[in-house]
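Undergrad: Let me begin by handing over the structure; questions about it come next.
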Amino acid sequence: MKILVAYDGSMESMKAVEEAASLAKHLSGAVTVLNIYWDRAEGGHSAQIQAVENIEVRDEGSLRILAPVESMLKDKNIEYNLRTERSSNVPKTIMKIAEDENYDCIALGSRRLGGAKAWIRGSVSSRIIAESSCPVLVV
């Protein structure tokens, strides 16, 4: 089982990584943790690309954000990959990666933005639940 986890550094998204890791361990699967960032550099790419173990980092912020995730996944002995993508449309990017790369499930945390806040600001989890072509685990 291949699980794609959207991770933004929040406590809710860390819980999604933990649930995905538990599911992957029970089903002999693998987890890809995806951090989506927005980079103002011309052409959309930072000048430097730095390789760090299981990740190609294009953004220093992503490196800091993903460090505790990598540590946790190593400790749990989970097969994993870390990934960063540049995009201003988070839901669309998550769903495109999941579909193009045949993920079995998308996992993400919910900040419980309900009612008017979710309607005005939009909810990543709501949009993915509504539009994803694969199952979605919301933690």
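Naming scheme: A, B, ... for chains in displayed order of the structure tokens; residues 1 onward per chain; ligands 1 onward as shown.
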Quick one: DSSP strand (DSSP E or B) residues in region 74-136 of chain A, as a PyMOL selection string?

TA: chain A and resi 79-86+105-108+136

Undergrad: Given the selection you just returned, output its residues as a file containing C-alpha atoms, formatted as a PDB file, in the first residue's frame.

TA:
ATOM      1  CA  GLU A  79       9.561   2.556   4.540  1.00  0.00           C
ATOM      2  CA  TYR A  80       9.294   6.210   3.578  1.00  0.00           C
ATOM      3  CA  ASN A  81      10.151   8.989   1.178  1.00  0.00           C
ATOM      4  CA  LEU A  82      10.140  12.704   1.833  1.00  0.00           C
ATOM      5  CA  ARG A  83       9.178  15.060  -0.929  1.00  0.00           C
ATOM      6  CA  THR A  84       8.808  18.774  -1.505  1.00  0.00           C
ATOM      7  CA  GLU A  85       6.843  20.460  -4.256  1.00  0.00           C
ATOM      8  CA  ARG A  86       6.402  24.103  -5.143  1.00  0.00           C
ATOM      9  CA  CYS A 105      -4.604   6.559  -0.112  1.00  0.00           C
ATOM     10  CA  ILE A 106      -4.106  10.225   0.798  1.00  0.00           C
ATOM     11  CA  ALA A 107      -3.733  11.072   4.494  1.00  0.00           C
ATOM     12  CA  LEU A 108      -3.974  14.560   5.899  1.00  0.00           C
ATOM     13  CA  VAL A 136      -8.762   9.870   1.866  1.00  0.00           C
TER      14      VAL A 136
END

Undergrad: I'd like the contact shell of Ile128 (chain A) - 12 Å cut-off, only C-alpha atoms, skipping same-chain residues fewer than 3 positions apart - returned as a list in words.

TA: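 In the requested format, the answer is Ala6, Asn89, Val90, Pro91, Lys92, Thr93, Ile94, Met95, Lys96, Ala98, Glu99, Cys105, Ile106, Ala107, Leu108, Gly109, Ser110, Gly122, Ser123, Val124, Ser125, Glu131, Ser132, Ser133, Cys134, Pro135, Val136, Leu137 and Val138 of chain A.
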
Undergrad: Take the residues just selected and output them with C-alpha atoms as a PDB file, in the first residue's frame.

TA:
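Saved as out-v5.pdb:
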ATOM      1  CA  ALA A   6       0.258  15.997   3.089  1.00  0.00           C
ATOM      2  CA  ASN A  89      -2.653  25.224  -5.229  1.00  0.00           C
ATOM      3  CA  VAL A  90      -2.177  22.674  -2.455  1.00  0.00           C
ATOM      4  CA  PRO A  91      -5.243  20.454  -3.009  1.00  0.00           C
ATOM      5  CA  LYS A  92      -4.695  20.227  -6.767  1.00  0.00           C
ATOM      6  CA  THR A  93      -1.013  19.329  -6.300  1.00  0.00           C
ATOM      7  CA  ILE A  94      -1.774  16.624  -3.739  1.00  0.00           C
ATOM      8  CA  MET A  95      -4.460  15.042  -5.921  1.00  0.00           C
ATOM      9  CA  LYS A  96      -2.346  15.201  -9.089  1.00  0.00           C
ATOM     10  CA  ALA A  98      -1.703  10.820  -5.881  1.00  0.00           C
ATOM     11  CA  GLU A  99      -3.329  10.086  -9.223  1.00  0.00           C
ATOM     12  CA  CYS A 105      -4.604   6.559  -0.112  1.00  0.00           C
ATOM     13  CA  ILE A 106      -4.106  10.225   0.798  1.00  0.00           C
ATOM     14  CA  ALA A 107      -3.733  11.072   4.494  1.00  0.00           C
ATOM     15  CA  LEU A 108      -3.974  14.560   5.899  1.00  0.00           C
ATOM     16  CA  GLY A 109      -4.670  16.386   9.112  1.00  0.00           C
ATOM     17  CA  SER A 110      -7.688  18.567   9.637  1.00  0.00           C
ATOM     18  CA  GLY A 122     -11.514  26.973   1.695  1.00  0.00           C
ATOM     19  CA  SER A 123     -10.554  23.690   3.257  1.00  0.00           C
ATOM     20  CA  VAL A 124      -7.797  21.536   1.777  1.00  0.00           C
ATOM     21  CA  SER A 125      -9.257  18.404   3.348  1.00  0.00           C
ATOM     22  CA  GLU A 131     -12.446  15.502  -5.641  1.00  0.00           C
ATOM     23  CA  SER A 132      -9.898  12.744  -4.976  1.00  0.00           C
ATOM     24  CA  SER A 133      -9.927   9.609  -7.081  1.00  0.00           C
ATOM     25  CA  CYS A 134      -8.533   7.531  -4.186  1.00  0.00           C
ATOM     26  CA  PRO A 135      -9.579   7.047  -0.546  1.00  0.00           C
ATOM     27  CA  VAL A 136      -8.762   9.870   1.866  1.00  0.00           C
ATOM     28  CA  LEU A 137      -7.858   9.451   5.541  1.00  0.00           C
ATOM     29  CA  VAL A 138      -8.510  12.638   7.510  1.00  0.00           C
TER      30      VAL A 138
END

Undergrad: Within 6 Å of Tyr7 (chain A), counting only C-alpha atoms, which residues qualify if same-chain residues fewer than 3 places away don't, as JSON, numbers by chain?

TA: {"A": [13, 34, 35]}

Undergrad: Let's have the selection written as a CSV table (one decimal), in the first residue's frame, with N, CA and C atoms.

TA:
chain,number,residue,atom,x,y,z
A,13,SER,N,-1.1,17.7,11.1
A,13,SER,CA,-0.5,16.9,10.0
A,13,SER,C,0.5,15.9,10.5
A,34,LEU,N,4.7,14.6,1.9
A,34,LEU,CA,4.8,15.6,0.9
A,34,LEU,C,4.6,17.0,1.6
A,35,ASN,N,5.6,17.8,1.5
A,35,ASN,CA,5.5,19.2,1.9
A,35,ASN,C,5.4,20.1,0.7

Undergrad: Tell me, as a PyMOL selection string, which residues lie within 9 Å of Lys25 (chain A), counting only C-alpha atoms; anything in the same chain fewer than 4 positions away does not count.

TA: chain A and resi 20-21+29-30+76-79

Undergrad: Go ahead and dump the residues you just picked, N, CA and C atoms, as a PDB file, in the first residue's frame.

TA:
ATOM      1  N   ALA A  20      -0.737   7.280   9.189  1.00  0.00           N
ATOM      2  CA  ALA A  20      -0.315   6.668   7.922  1.00  0.00           C
ATOM      3  C   ALA A  20       0.816   5.671   8.161  1.00  0.00           C
ATOM      4  N   ALA A  21       1.741   6.010   9.049  1.00  0.00           N
ATOM      5  CA  ALA A  21       2.853   5.107   9.375  1.00  0.00           C
ATOM      6  C   ALA A  21       2.335   3.827  10.012  1.00  0.00           C
ATOM      7  N   GLY A  29       3.301  -1.495   3.848  1.00  0.00           N
ATOM      8  CA  GLY A  29       3.269  -0.437   2.856  1.00  0.00           C
ATOM      9  C   GLY A  29       4.371   0.583   3.036  1.00  0.00           C
ATOM     10  N   ALA A  30       4.248   1.669   2.304  1.00  0.00           N
ATOM     11  CA  ALA A  30       5.228   2.746   2.347  1.00  0.00           C
ATOM     12  C   ALA A  30       4.495   4.080   2.418  1.00  0.00           C
ATOM     13  N   LYS A  76      10.345   4.274  13.822  1.00  0.00           N
ATOM     14  CA  LYS A  76       9.290   3.261  13.673  1.00  0.00           C
ATOM     15  C   LYS A  76       9.612   2.232  12.605  1.00  0.00           C
ATOM     16  N   ASN A  77      10.780   2.413  11.947  1.00  0.00           N
ATOM     17  CA  ASN A  77      11.222   1.487  10.911  1.00  0.00           C
ATOM     18  C   ASN A  77      10.191   1.341   9.788  1.00  0.00           C
ATOM     19  N   ILE A  78       9.712   2.491   9.319  1.00  0.00           N
ATOM     20  CA  ILE A  78       8.728   2.542   8.246  1.00  0.00           C
ATOM     21  C   ILE A  78       9.443   2.856   6.934  1.00  0.00           C
ATOM     22  N   GLU A  79       9.039   2.199   5.855  1.00  0.00           N
ATOM     23  CA  GLU A  79       9.561   2.556   4.540  1.00  0.00           C
ATOM     24  C   GLU A  79       8.951   3.905   4.157  1.00  0.00           C
TER      25      GLU A  79
END

Undergrad: Find the residue from A:Glu60, A:Met1, A:Met11, A:Leu73 that sits nearest to Val33 (chain A); use only C-alpha atoms when measuring.

TA: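 The closest residue to Val33 (chain A) is A:Leu73.
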